[in-house]
Amino acid sequence: MGTPPPLAGIYIHIPFCIQKCRYCDFYSITDRHDMERFVSALIREIKLANNHSLLFDTLYFGGGTPSVLPPAAIASLIEAVQETLPLQPEAEITIEVNPGTLTHDHFRMYRDAGVNRLNIGVQSFCEDNLRFLGRVHSADEGRLAIKRAISAGFDNIGLDLIFGLPGQSETEWQDEIAGALAFEPAHLSCYLLTFEPGTPLDQYRCDGRVHPLSEDLAAKLFSVTHRTLSTAGYEHYEISNFAKGKTRRSWHNQKYWLHAPYLGFGPAAHSFLPPQRKWNLKHVTGYIERLNSGQPPAFEAETLSGEQLMIETIYLGLRQSDGVQMEEFNRRFNVRFADQFRTVLEKMSIEGYLSITNQTCALTPKGMLYADTIAAAFAEWID
């Protein structure tokens with residue numbers, strides 16, 4: 001018998017939003033008149049992917065704001081996936097939701113459709129912060145969405161929070177964490193605010209209207225996050241992600257960090273079938289027209305070299321508390337990790353940035369603050 005195919009993931013990009021958040025650089029639009037045609041085109045794209053030998057155990061609806069679609073449309077998309085691709089019966093099915101787009105019936109209908117994990121984009125429990133970020137919901141609506149999800153029977157709920165807002169103090173951030181912990185979520189994602197080029201927030205920075213938090217204070221808030229959530233029983237398993245034990249990790253997001261294969265559907269969605277990565281047209285109308293004319297929506301593709309795969313494996317591995325699995329790395333790339341990177345390993349471990357065992361190379365909590373810089377130091381030693 002041959003080796004069974006690896007378990008893969010499915011990502012569906014819903015590109016519609018009520019309004020764009022000031023910090024967001026993901027592809028989305030606020031014109032929602034084409035949603036019905038879009039769903040039909042999306043189902044058509046899914047149906048075209050019926051020739052894969054992969055098995056899938058995650059399905060993730062991201063965006064944009066997937067919860068602006070009617071729950072019946074989400075149900076039809078899940079059904080299309082189940083009819084076309086070998087999605088495992090125990091698969092994790094996640095939908096990202098915005099508290100400003102939900103009623104109690106939404107949660108019940110998601111459960112009926114097969115969704116078993118929610119990612120609620122709370123971002124903050126502070127009204128001033130929500131206004132600054134450009135969110136469409138209030139703090140009370142955020143709390144109400146969580147309560148409704150719990151009452152609808154969801155027990156695998158993830159909450160998203162953003163920290164490092166201009167002027168944010170350590171006490172203010174601790175209050176935000178406490179507001180989330182009051183609901184005992186299975187998962188927390190705590191993202192440091194970034195000023196992405198082309199976003200309104202970055203323009204405010206360029207104009208001098210806002211001033212990013214200092215690196216020292218941002219580092220202090222990150223340390224507070226690690227310490228507070230670890231004490232509360234959460235596993236800090238990826239730089240921005242915390243789970244109530246291994247079973248509550250985001251199975252789907254781990255696909256990206258572990259370099260597992262995944263298929264992406266929808267405009268701007270990426271697929272990765274090692275060593276090839278491809279991505280769809282980043283335009284809703286063009287995406288619909290291509291599919292309606294019988295063309296695939298794939299826009300561009302690249303085949304990663306061994307060097308690129310090695311760099312990505314290190315970068316992604318270092319983001320996780322499990323670290324780079326050195327024996328697996330050696331087998332995959334036919335090198336000796338400990339020998340190839342001896343200089344950087346010795347330097348970074350002495351300085352307290354890396355924790356190294358016989359099997360793994362992982363960042364310490366201190367090292368997580370400088371993950372990109374440390375990964376770049378490894379890249380310099382790749383021939």
# chains A, B, ... in the order shown; residues from 1 in each chain; ligands from 1
$ residues_around --residues "segment 23-33 of chain A" --least-positions-apart "3" --cutoff "10 Å" --atoms "only C-alpha atoms" --output "PDB file with all heavy atoms, in the first residue's frame"
ATOM      1  N   HIS A  13     -12.814  32.405   0.471  1.00  0.00           N
ATOM      2  CA  HIS A  13     -12.726  33.843   0.725  1.00  0.00           C
ATOM      3  C   HIS A  13     -14.026  34.537   0.332  1.00  0.00           C
ATOM      4  O   HIS A  13     -14.435  34.498  -0.828  1.00  0.00           O
ATOM      5  CB  HIS A  13     -11.566  34.456  -0.062  1.00  0.00           C
ATOM      6  CG  HIS A  13     -11.292  35.882   0.316  1.00  0.00           C
ATOM      7  ND1 HIS A  13     -10.693  36.223   1.498  1.00  0.00           N
ATOM      8  CD2 HIS A  13     -11.563  37.046  -0.329  1.00  0.00           C
ATOM      9  CE1 HIS A  13     -10.590  37.546   1.577  1.00  0.00           C
ATOM     10  NE2 HIS A  13     -11.112  38.067   0.473  1.00  0.00           N
ATOM     11  N   ILE A  14     -14.660  35.165   1.322  1.00  0.00           N
ATOM     12  CA  ILE A  14     -15.876  35.958   1.093  1.00  0.00           C
ATOM     13  C   ILE A  14     -15.454  37.421   1.126  1.00  0.00           C
ATOM     14  O   ILE A  14     -15.108  37.951   2.182  1.00  0.00           O
ATOM     15  CB  ILE A  14     -16.942  35.677   2.180  1.00  0.00           C
ATOM     16  CG1 ILE A  14     -17.184  34.165   2.327  1.00  0.00           C
ATOM     17  CG2 ILE A  14     -18.221  36.439   1.850  1.00  0.00           C
ATOM     18  CD1 ILE A  14     -17.712  33.474   1.094  1.00  0.00           C
ATOM     19  N   PRO A  15     -15.478  38.116  -0.009  1.00  0.00           N
ATOM     20  CA  PRO A  15     -14.808  39.418  -0.103  1.00  0.00           C
ATOM     21  C   PRO A  15     -15.666  40.629   0.260  1.00  0.00           C
ATOM     22  O   PRO A  15     -15.261  41.759  -0.012  1.00  0.00           O
ATOM     23  CB  PRO A  15     -14.421  39.466  -1.585  1.00  0.00           C
ATOM     24  CG  PRO A  15     -15.553  38.763  -2.257  1.00  0.00           C
ATOM     25  CD  PRO A  15     -15.971  37.658  -1.321  1.00  0.00           C
ATOM     26  N   PHE A  16     -16.838  40.413   0.848  1.00  0.00           N
ATOM     27  CA  PHE A  16     -17.746  41.533   1.093  1.00  0.00           C
ATOM     28  C   PHE A  16     -17.667  42.016   2.543  1.00  0.00           C
ATOM     29  O   PHE A  16     -17.526  41.219   3.469  1.00  0.00           O
ATOM     30  CB  PHE A  16     -19.183  41.120   0.774  1.00  0.00           C
ATOM     31  CG  PHE A  16     -19.367  40.635  -0.637  1.00  0.00           C
ATOM     32  CD1 PHE A  16     -19.499  39.287  -0.910  1.00  0.00           C
ATOM     33  CD2 PHE A  16     -19.375  41.535  -1.690  1.00  0.00           C
ATOM     34  CE1 PHE A  16     -19.653  38.834  -2.210  1.00  0.00           C
ATOM     35  CE2 PHE A  16     -19.529  41.091  -2.991  1.00  0.00           C
ATOM     36  CZ  PHE A  16     -19.664  39.749  -3.254  1.00  0.00           C
ATOM     37  N   CYS A  17     -17.777  43.335   2.703  1.00  0.00           N
ATOM     38  CA  CYS A  17     -17.809  43.959   4.025  1.00  0.00           C
ATOM     39  C   CYS A  17     -18.860  45.069   4.025  1.00  0.00           C
ATOM     40  O   CYS A  17     -19.183  45.634   2.976  1.00  0.00           O
ATOM     41  CB  CYS A  17     -16.458  44.580   4.379  1.00  0.00           C
ATOM     42  SG  CYS A  17     -15.168  43.390   4.801  1.00  0.00           S
ATOM     43  N   ILE A  18     -19.362  45.387   5.214  1.00  0.00           N
ATOM     44  CA  ILE A  18     -20.250  46.541   5.344  1.00  0.00           C
ATOM     45  C   ILE A  18     -19.441  47.821   5.166  1.00  0.00           C
ATOM     46  O   ILE A  18     -19.840  48.748   4.468  1.00  0.00           O
ATOM     47  CB  ILE A  18     -20.964  46.523   6.707  1.00  0.00           C
ATOM     48  CG1 ILE A  18     -21.925  45.329   6.777  1.00  0.00           C
ATOM     49  CG2 ILE A  18     -21.723  47.829   6.946  1.00  0.00           C
ATOM     50  CD1 ILE A  18     -22.584  45.138   8.117  1.00  0.00           C
ATOM     51  N   GLN A  19     -18.279  47.860   5.808  1.00  0.00           N
ATOM     52  CA  GLN A  19     -17.319  48.936   5.566  1.00  0.00           C
ATOM     53  C   GLN A  19     -15.924  48.393   5.834  1.00  0.00           C
ATOM     54  O   GLN A  19     -15.761  47.409   6.550  1.00  0.00           O
ATOM     55  CB  GLN A  19     -17.609  50.157   6.447  1.00  0.00           C
ATOM     56  CG  GLN A  19     -17.279  49.976   7.910  1.00  0.00           C
ATOM     57  CD  GLN A  19     -17.563  51.228   8.741  1.00  0.00           C
ATOM     58  OE1 GLN A  19     -18.437  52.027   8.405  1.00  0.00           O
ATOM     59  NE2 GLN A  19     -16.832  51.399   9.823  1.00  0.00           N
ATOM     60  N   LYS A  20     -14.924  49.020   5.230  1.00  0.00           N
ATOM     61  CA  LYS A  20     -13.544  48.581   5.406  1.00  0.00           C
ATOM     62  C   LYS A  20     -12.998  49.098   6.736  1.00  0.00           C
ATOM     63  O   LYS A  20     -13.127  50.274   7.058  1.00  0.00           O
ATOM     64  CB  LYS A  20     -12.668  49.111   4.275  1.00  0.00           C
ATOM     65  CG  LYS A  20     -12.919  48.443   2.945  1.00  0.00           C
ATOM     66  CD  LYS A  20     -12.207  47.112   2.825  1.00  0.00           C
ATOM     67  CE  LYS A  20     -10.723  47.261   2.655  1.00  0.00           C
ATOM     68  NZ  LYS A  20     -10.054  45.954   2.426  1.00  0.00           N
ATOM     69  N   GLU A  36     -25.225  37.390  -4.770  1.00  0.00           N
ATOM     70  CA  GLU A  36     -25.899  36.170  -5.251  1.00  0.00           C
ATOM     71  C   GLU A  36     -25.144  35.561  -6.427  1.00  0.00           C
ATOM     72  O   GLU A  36     -24.916  34.348  -6.479  1.00  0.00           O
ATOM     73  CB  GLU A  36     -27.345  36.497  -5.649  1.00  0.00           C
ATOM     74  CG  GLU A  36     -28.202  35.269  -5.842  1.00  0.00           C
ATOM     75  CD  GLU A  36     -29.675  35.617  -6.001  1.00  0.00           C
ATOM     76  OE1 GLU A  36     -30.158  36.529  -5.310  1.00  0.00           O
ATOM     77  OE2 GLU A  36     -30.338  34.960  -6.844  1.00  0.00           O
ATOM     78  N   ARG A  37     -24.728  36.395  -7.372  1.00  0.00           N
ATOM     79  CA  ARG A  37     -23.937  35.903  -8.514  1.00  0.00           C
ATOM     80  C   ARG A  37     -22.596  35.357  -8.048  1.00  0.00           C
ATOM     81  O   ARG A  37     -22.084  34.378  -8.587  1.00  0.00           O
ATOM     82  CB  ARG A  37     -23.715  37.024  -9.531  1.00  0.00           C
ATOM     83  CG  ARG A  37     -24.966  37.463 -10.270  1.00  0.00           C
ATOM     84  CD  ARG A  37     -24.660  38.618 -11.221  1.00  0.00           C
ATOM     85  NE  ARG A  37     -23.788  38.194 -12.306  1.00  0.00           N
ATOM     86  CZ  ARG A  37     -22.674  38.839 -12.668  1.00  0.00           C
ATOM     87  NH1 ARG A  37     -22.262  39.907 -12.009  1.00  0.00           N
ATOM     88  NH2 ARG A  37     -21.951  38.399 -13.679  1.00  0.00           N
ATOM     89  N   PHE A  38     -22.040  36.017  -7.032  1.00  0.00           N
ATOM     90  CA  PHE A  38     -20.757  35.562  -6.487  1.00  0.00           C
ATOM     91  C   PHE A  38     -20.875  34.157  -5.907  1.00  0.00           C
ATOM     92  O   PHE A  38     -20.020  33.296  -6.160  1.00  0.00           O
ATOM     93  CB  PHE A  38     -20.275  36.538  -5.417  1.00  0.00           C
ATOM     94  CG  PHE A  38     -19.154  35.995  -4.578  1.00  0.00           C
ATOM     95  CD1 PHE A  38     -17.862  35.934  -5.078  1.00  0.00           C
ATOM     96  CD2 PHE A  38     -19.395  35.501  -3.307  1.00  0.00           C
ATOM     97  CE1 PHE A  38     -16.824  35.415  -4.312  1.00  0.00           C
ATOM     98  CE2 PHE A  38     -18.379  34.986  -2.535  1.00  0.00           C
ATOM     99  CZ  PHE A  38     -17.085  34.934  -3.043  1.00  0.00           C
ATOM    100  N   GLY A  63     -12.423  36.340   5.200  1.00  0.00           N
ATOM    101  CA  GLY A  63     -12.784  37.466   4.372  1.00  0.00           C
ATOM    102  C   GLY A  63     -11.893  38.666   4.592  1.00  0.00           C
ATOM    103  O   GLY A  63     -10.765  38.533   5.061  1.00  0.00           O
ATOM    104  N   GLY A  64     -12.486  39.822   4.261  1.00  0.00           N
ATOM    105  CA  GLY A  64     -13.887  40.152   4.187  1.00  0.00           C
ATOM    106  C   GLY A  64     -14.640  39.799   5.463  1.00  0.00           C
ATOM    107  O   GLY A  64     -14.087  39.581   6.517  1.00  0.00           O
ATOM    108  N   THR A  65     -15.942  39.748   5.289  1.00  0.00           N
ATOM    109  CA  THR A  65     -16.850  39.427   6.388  1.00  0.00           C
ATOM    110  C   THR A  65     -17.802  38.330   5.928  1.00  0.00           C
ATOM    111  O   THR A  65     -18.862  38.623   5.355  1.00  0.00           O
ATOM    112  CB  THR A  65     -17.649  40.674   6.832  1.00  0.00           C
ATOM    113  OG1 THR A  65     -16.753  41.752   7.091  1.00  0.00           O
ATOM    114  CG2 THR A  65     -18.457  40.379   8.091  1.00  0.00           C
ATOM    115  N   VAL A  68     -21.699  38.472   6.348  1.00  0.00           N
ATOM    116  CA  VAL A  68     -22.652  39.311   5.603  1.00  0.00           C
ATOM    117  C   VAL A  68     -23.456  38.464   4.621  1.00  0.00           C
ATOM    118  O   VAL A  68     -24.519  38.889   4.159  1.00  0.00           O
ATOM    119  CB  VAL A  68     -21.958  40.477   4.852  1.00  0.00           C
ATOM    120  CG1 VAL A  68     -21.220  41.379   5.814  1.00  0.00           C
ATOM    121  CG2 VAL A  68     -21.050  39.980   3.746  1.00  0.00           C
ATOM    122  N   LEU A  69     -22.967  37.265   4.282  1.00  0.00           N
ATOM    123  CA  LEU A  69     -23.745  36.360   3.433  1.00  0.00           C
ATOM    124  C   LEU A  69     -24.898  35.773   4.239  1.00  0.00           C
ATOM    125  O   LEU A  69     -24.747  35.501   5.431  1.00  0.00           O
ATOM    126  CB  LEU A  69     -22.887  35.206   2.924  1.00  0.00           C
ATOM    127  CG  LEU A  69     -21.901  35.428   1.789  1.00  0.00           C
ATOM    128  CD1 LEU A  69     -21.310  34.090   1.351  1.00  0.00           C
ATOM    129  CD2 LEU A  69     -22.539  36.118   0.604  1.00  0.00           C
ATOM    130  N   PHE A 132     -11.849  53.909  16.611  1.00  0.00           N
ATOM    131  CA  PHE A 132     -10.539  54.169  16.016  1.00  0.00           C
ATOM    132  C   PHE A 132     -10.214  53.149  14.921  1.00  0.00           C
ATOM    133  O   PHE A 132      -9.689  53.495  13.859  1.00  0.00           O
ATOM    134  CB  PHE A 132      -9.457  54.124  17.101  1.00  0.00           C
ATOM    135  CG  PHE A 132      -8.056  54.199  16.567  1.00  0.00           C
ATOM    136  CD1 PHE A 132      -7.513  55.412  16.165  1.00  0.00           C
ATOM    137  CD2 PHE A 132      -7.284  53.047  16.434  1.00  0.00           C
ATOM    138  CE1 PHE A 132      -6.225  55.480  15.648  1.00  0.00           C
ATOM    139  CE2 PHE A 132      -5.996  53.109  15.924  1.00  0.00           C
ATOM    140  CZ  PHE A 132      -5.462  54.334  15.526  1.00  0.00           C
ATOM    141  N   LEU A 133     -10.551  51.887  15.155  1.00  0.00           N
ATOM    142  CA  LEU A 133     -10.253  50.820  14.204  1.00  0.00           C
ATOM    143  C   LEU A 133     -11.202  50.821  13.005  1.00  0.00           C
ATOM    144  O   LEU A 133     -10.921  50.174  11.999  1.00  0.00           O
ATOM    145  CB  LEU A 133     -10.322  49.459  14.911  1.00  0.00           C
ATOM    146  CG  LEU A 133      -9.261  49.211  15.989  1.00  0.00           C
ATOM    147  CD1 LEU A 133      -9.605  47.958  16.797  1.00  0.00           C
ATOM    148  CD2 LEU A 133      -7.877  49.077  15.371  1.00  0.00           C
ATOM    149  N   GLY A 134     -12.342  51.524  13.134  1.00  0.00           N
ATOM    150  CA  GLY A 134     -13.313  51.561  12.050  1.00  0.00           C
ATOM    151  C   GLY A 134     -14.251  50.373  12.035  1.00  0.00           C
ATOM    152  O   GLY A 134     -14.776  50.013  10.973  1.00  0.00           O
ATOM    153  N   ARG A 135     -14.472  49.765  13.201  1.00  0.00           N
ATOM    154  CA  ARG A 135     -15.365  48.607  13.279  1.00  0.00           C
ATOM    155  C   ARG A 135     -16.829  49.062  13.216  1.00  0.00           C
ATOM    156  O   ARG A 135     -17.162  50.178  13.634  1.00  0.00           O
ATOM    157  CB  ARG A 135     -15.134  47.837  14.578  1.00  0.00           C
ATOM    158  CG  ARG A 135     -13.722  47.329  14.761  1.00  0.00           C
ATOM    159  CD  ARG A 135     -13.369  46.261  13.755  1.00  0.00           C
ATOM    160  NE  ARG A 135     -14.093  45.018  14.004  1.00  0.00           N
ATOM    161  CZ  ARG A 135     -14.069  43.965  13.184  1.00  0.00           C
ATOM    162  NH1 ARG A 135     -13.396  44.034  12.047  1.00  0.00           N
ATOM    163  NH2 ARG A 135     -14.733  42.869  13.488  1.00  0.00           N
ATOM    164  N   LEU A 193      -1.305  45.570  16.447  1.00  0.00           N
ATOM    165  CA  LEU A 193      -1.737  46.462  15.370  1.00  0.00           C
ATOM    166  C   LEU A 193      -0.561  46.791  14.454  1.00  0.00           C
ATOM    167  O   LEU A 193       0.512  47.181  14.912  1.00  0.00           O
ATOM    168  CB  LEU A 193      -2.301  47.758  15.969  1.00  0.00           C
ATOM    169  CG  LEU A 193      -2.810  48.795  14.962  1.00  0.00           C
ATOM    170  CD1 LEU A 193      -4.033  48.272  14.218  1.00  0.00           C
ATOM    171  CD2 LEU A 193      -3.124  50.108  15.671  1.00  0.00           C
ATOM    172  N   THR A 194      -0.781  46.613  13.169  1.00  0.00           N
ATOM    173  CA  THR A 194       0.245  46.956  12.181  1.00  0.00           C
ATOM    174  C   THR A 194      -0.309  48.007  11.221  1.00  0.00           C
ATOM    175  O   THR A 194      -1.520  48.084  10.989  1.00  0.00           O
ATOM    176  CB  THR A 194       0.701  45.725  11.383  1.00  0.00           C
ATOM    177  OG1 THR A 194      -0.451  45.094  10.783  1.00  0.00           O
ATOM    178  CG2 THR A 194       1.412  44.723  12.276  1.00  0.00           C
ATOM    179  N   PHE A 195       0.583  48.804  10.691  1.00  0.00           N
ATOM    180  CA  PHE A 195       0.219  49.892   9.776  1.00  0.00           C
ATOM    181  C   PHE A 195       0.583  49.448   8.362  1.00  0.00           C
ATOM    182  O   PHE A 195       1.686  49.696   7.876  1.00  0.00           O
ATOM    183  CB  PHE A 195       0.947  51.177  10.177  1.00  0.00           C
ATOM    184  CG  PHE A 195       0.513  51.732  11.505  1.00  0.00           C
ATOM    185  CD1 PHE A 195       0.920  51.134  12.685  1.00  0.00           C
ATOM    186  CD2 PHE A 195      -0.325  52.839  11.576  1.00  0.00           C
ATOM    187  CE1 PHE A 195       0.517  51.635  13.922  1.00  0.00           C
ATOM    188  CE2 PHE A 195      -0.738  53.350  12.800  1.00  0.00           C
ATOM    189  CZ  PHE A 195      -0.319  52.743  13.976  1.00  0.00           C
ATOM    190  N   GLU A 196      -0.359  48.743   7.723  1.00  0.00           N
ATOM    191  CA  GLU A 196      -0.089  48.151   6.419  1.00  0.00           C
ATOM    192  C   GLU A 196      -0.152  49.211   5.318  1.00  0.00           C
ATOM    193  O   GLU A 196      -1.089  50.016   5.284  1.00  0.00           O
ATOM    194  CB  GLU A 196      -1.095  47.032   6.117  1.00  0.00           C
ATOM    195  CG  GLU A 196      -1.082  45.895   7.125  1.00  0.00           C
ATOM    196  CD  GLU A 196       0.236  45.132   7.127  1.00  0.00           C
ATOM    197  OE1 GLU A 196       0.954  45.187   6.102  1.00  0.00           O
ATOM    198  OE2 GLU A 196       0.533  44.491   8.149  1.00  0.00           O
ATOM    199  N   PRO A 197       0.815  49.206   4.408  1.00  0.00           N
ATOM    200  CA  PRO A 197       0.822  50.193   3.319  1.00  0.00           C
ATOM    201  C   PRO A 197      -0.495  50.171   2.543  1.00  0.00           C
ATOM    202  O   PRO A 197      -1.040  49.109   2.238  1.00  0.00           O
ATOM    203  CB  PRO A 197       1.990  49.734   2.432  1.00  0.00           C
ATOM    204  CG  PRO A 197       2.899  48.980   3.368  1.00  0.00           C
ATOM    205  CD  PRO A 197       1.988  48.306   4.360  1.00  0.00           C
ATOM    206  N   GLY A 198      -0.997  51.363   2.235  1.00  0.00           N
ATOM    207  CA  GLY A 198      -2.221  51.483   1.454  1.00  0.00           C
ATOM    208  C   GLY A 198      -3.486  51.546   2.285  1.00  0.00           C
ATOM    209  O   GLY A 198      -4.566  51.805   1.739  1.00  0.00           O
ATOM    210  N   THR A 199      -3.390  51.321   3.588  1.00  0.00           N
ATOM    211  CA  THR A 199      -4.574  51.384   4.447  1.00  0.00           C
ATOM    212  C   THR A 199      -4.770  52.805   4.960  1.00  0.00           C
ATOM    213  O   THR A 199      -3.805  53.576   5.071  1.00  0.00           O
ATOM    214  CB  THR A 199      -4.447  50.433   5.648  1.00  0.00           C
ATOM    215  OG1 THR A 199      -3.315  50.830   6.446  1.00  0.00           O
ATOM    216  CG2 THR A 199      -4.272  48.996   5.186  1.00  0.00           C
ATOM    217  N   PRO A 200      -6.024  53.174   5.300  1.00  0.00           N
ATOM    218  CA  PRO A 200      -6.240  54.502   5.892  1.00  0.00           C
ATOM    219  C   PRO A 200      -5.403  54.734   7.146  1.00  0.00           C
ATOM    220  O   PRO A 200      -4.903  55.842   7.367  1.00  0.00           O
ATOM    221  CB  PRO A 200      -7.740  54.489   6.215  1.00  0.00           C
ATOM    222  CG  PRO A 200      -8.337  53.536   5.227  1.00  0.00           C
ATOM    223  CD  PRO A 200      -7.293  52.468   5.063  1.00  0.00           C
ATOM    224  N   LEU A 201      -5.230  53.687   7.948  1.00  0.00           N
ATOM    225  CA  LEU A 201      -4.465  53.846   9.180  1.00  0.00           C
ATOM    226  C   LEU A 201      -3.014  54.223   8.892  1.00  0.00           C
ATOM    227  O   LEU A 201      -2.422  55.056   9.588  1.00  0.00           O
ATOM    228  CB  LEU A 201      -4.530  52.557   9.999  1.00  0.00           C
ATOM    229  CG  LEU A 201      -4.026  52.640  11.433  1.00  0.00           C
ATOM    230  CD1 LEU A 201      -4.821  53.659  12.233  1.00  0.00           C
ATOM    231  CD2 LEU A 201      -4.104  51.273  12.105  1.00  0.00           C
ATOM    232  N   ASP A 202      -2.444  53.618   7.858  1.00  0.00           N
ATOM    233  CA  ASP A 202      -1.069  53.958   7.512  1.00  0.00           C
ATOM    234  C   ASP A 202      -0.978  55.379   6.974  1.00  0.00           C
ATOM    235  O   ASP A 202       0.018  56.074   7.206  1.00  0.00           O
ATOM    236  CB  ASP A 202      -0.518  52.966   6.485  1.00  0.00           C
ATOM    237  CG  ASP A 202       0.988  53.121   6.283  1.00  0.00           C
ATOM    238  OD1 ASP A 202       1.719  53.075   7.303  1.00  0.00           O
ATOM    239  OD2 ASP A 202       1.424  53.309   5.140  1.00  0.00           O
ATOM    240  N   PRO A 267     -12.148  35.126  -4.894  1.00  0.00           N
ATOM    241  CA  PRO A 267     -11.182  36.095  -5.423  1.00  0.00           C
ATOM    242  C   PRO A 267     -10.058  36.352  -4.430  1.00  0.00           C
ATOM    243  O   PRO A 267     -10.282  36.481  -3.227  1.00  0.00           O
ATOM    244  CB  PRO A 267     -12.030  37.357  -5.639  1.00  0.00           C
ATOM    245  CG  PRO A 267     -13.242  37.172  -4.799  1.00  0.00           C
ATOM    246  CD  PRO A 267     -13.491  35.706  -4.724  1.00  0.00           C
ATOM    247  N   ALA A 268      -8.833  36.372  -4.939  1.00  0.00           N
ATOM    248  CA  ALA A 268      -7.603  36.604  -4.169  1.00  0.00           C
ATOM    249  C   ALA A 268      -7.205  35.431  -3.285  1.00  0.00           C
ATOM    250  O   ALA A 268      -6.192  35.502  -2.591  1.00  0.00           O
ATOM    251  CB  ALA A 268      -7.706  37.877  -3.315  1.00  0.00           C
ATOM    252  N   ALA A 269      -7.963  34.338  -3.310  1.00  0.00           N
ATOM    253  CA  ALA A 269      -7.619  33.184  -2.471  1.00  0.00           C
ATOM    254  C   ALA A 269      -6.395  32.474  -3.029  1.00  0.00           C
ATOM    255  O   ALA A 269      -6.206  32.366  -4.241  1.00  0.00           O
ATOM    256  CB  ALA A 269      -8.793  32.215  -2.402  1.00  0.00           C
ATOM    257  N   LYS A 282      -7.850  38.938  -8.198  1.00  0.00           N
ATOM    258  CA  LYS A 282      -8.223  39.776  -7.045  1.00  0.00           C
ATOM    259  C   LYS A 282      -9.251  40.820  -7.481  1.00  0.00           C
ATOM    260  O   LYS A 282      -9.031  42.033  -7.381  1.00  0.00           O
ATOM    261  CB  LYS A 282      -6.945  40.439  -6.500  1.00  0.00           C
ATOM    262  CG  LYS A 282      -7.072  41.077  -5.145  1.00  0.00           C
ATOM    263  CD  LYS A 282      -5.711  41.611  -4.700  1.00  0.00           C
ATOM    264  CE  LYS A 282      -5.764  42.246  -3.339  1.00  0.00           C
ATOM    265  NZ  LYS A 282      -4.431  42.725  -2.910  1.00  0.00           N
ATOM    266  N   HIS A 283     -10.403  40.336  -7.959  1.00  0.00           N
ATOM    267  CA  HIS A 283     -11.430  41.245  -8.469  1.00  0.00           C
ATOM    268  C   HIS A 283     -12.746  40.473  -8.549  1.00  0.00           C
ATOM    269  O   HIS A 283     -12.840  39.484  -9.281  1.00  0.00           O
ATOM    270  CB  HIS A 283     -11.015  41.773  -9.849  1.00  0.00           C
ATOM    271  CG  HIS A 283     -11.861  42.882 -10.356  1.00  0.00           C
ATOM    272  ND1 HIS A 283     -13.068  42.665 -10.991  1.00  0.00           N
ATOM    273  CD2 HIS A 283     -11.691  44.228 -10.325  1.00  0.00           C
ATOM    274  CE1 HIS A 283     -13.600  43.809 -11.348  1.00  0.00           C
ATOM    275  NE2 HIS A 283     -12.785  44.785 -10.946  1.00  0.00           N
ATOM    276  N   VAL A 284     -13.745  40.906  -7.793  1.00  0.00           N
ATOM    277  CA  VAL A 284     -14.989  40.136  -7.709  1.00  0.00           C
ATOM    278  C   VAL A 284     -15.654  39.986  -9.067  1.00  0.00           C
ATOM    279  O   VAL A 284     -16.009  38.875  -9.482  1.00  0.00           O
ATOM    280  CB  VAL A 284     -15.970  40.783  -6.698  1.00  0.00           C
ATOM    281  CG1 VAL A 284     -17.343  40.121  -6.791  1.00  0.00           C
ATOM    282  CG2 VAL A 284     -15.436  40.661  -5.279  1.00  0.00           C
TER     283      VAL A 284
END
$ closest_residue --among "A:Arg319, A:His270, A:Lys47, A:Lys220" --to "Phe299 of chain A" --atoms "only C-alpha atoms"
A:His270
$ select_by_dssp --residues "segment 105-307 of chain A" --states "strand (DSSP E or B)" --output "PyMOL selection string"
chain A and resi 117-123+157-163+187-192+235-238+241-243+262-265+270-273+276-280+298-303
$ write_last_selection --atoms "C-alpha atoms" --output "short mmCIF file (atom, residue, chain, number, x, y, z; two decimals), in the first residue's frame"
data_model
loop_
_atom_site.label_atom_id
_atom_site.label_comp_id
_atom_site.auth_asym_id
_atom_site.auth_seq_id
_atom_site.Cartn_x
_atom_site.Cartn_y
_atom_site.Cartn_z
CA ARG A 117 -16.16 26.50 15.15
CA LEU A 118 -16.66 30.27 15.29
CA ASN A 119 -14.07 33.00 15.03
CA ILE A 120 -15.65 36.19 16.36
CA GLY A 121 -13.94 39.44 15.36
CA VAL A 122 -14.45 41.32 18.61
CA GLN A 123 -11.12 43.22 18.31
CA ILE A 157 -15.31 29.73 19.98
CA GLY A 158 -12.30 31.85 19.11
CA LEU A 159 -12.10 35.58 19.80
CA ASP A 160 -9.89 38.06 17.94
CA LEU A 161 -8.37 41.01 19.80
CA ILE A 162 -6.04 43.78 18.61
CA PHE A 163 -3.48 45.40 20.89
CA HIS A 187 -9.18 30.15 21.56
CA LEU A 188 -7.81 33.68 21.54
CA SER A 189 -5.95 35.47 18.75
CA CYS A 190 -4.15 38.61 19.95
CA TYR A 191 -2.74 40.61 17.06
CA LEU A 192 -0.35 43.52 17.37
CA GLU A 235 -1.22 27.39 25.43
CA HIS A 236 0.75 30.03 23.51
CA TYR A 237 1.12 27.80 20.45
CA GLU A 238 1.80 30.46 17.80
CA ASN A 241 -2.53 32.51 19.02
CA PHE A 242 -3.53 30.92 22.30
CA ALA A 243 -5.63 27.78 22.83
CA TYR A 262 -4.62 23.63 1.02
CA LEU A 263 -7.06 24.79 -1.64
CA GLY A 264 -8.34 28.37 -1.78
CA PHE A 265 -11.61 29.41 -3.41
CA HIS A 270 -4.34 31.23 -2.49
CA SER A 271 -3.81 27.50 -2.91
CA PHE A 272 -0.69 25.56 -1.99
CA LEU A 273 0.07 22.15 -3.43
CA GLN A 276 3.43 25.11 -6.20
CA ARG A 277 1.47 28.10 -4.91
CA LYS A 278 -1.20 29.79 -7.01
CA TRP A 279 -3.69 32.56 -6.41
CA ASN A 280 -6.96 33.73 -7.88
CA ALA A 298 -6.46 31.15 -11.13
CA PHE A 299 -4.48 34.28 -11.94
CA GLU A 300 -0.82 33.46 -11.28
CA ALA A 301 1.29 30.62 -9.93
CA GLU A 302 4.84 30.03 -8.76
CA THR A 303 6.85 26.91 -8.08
#
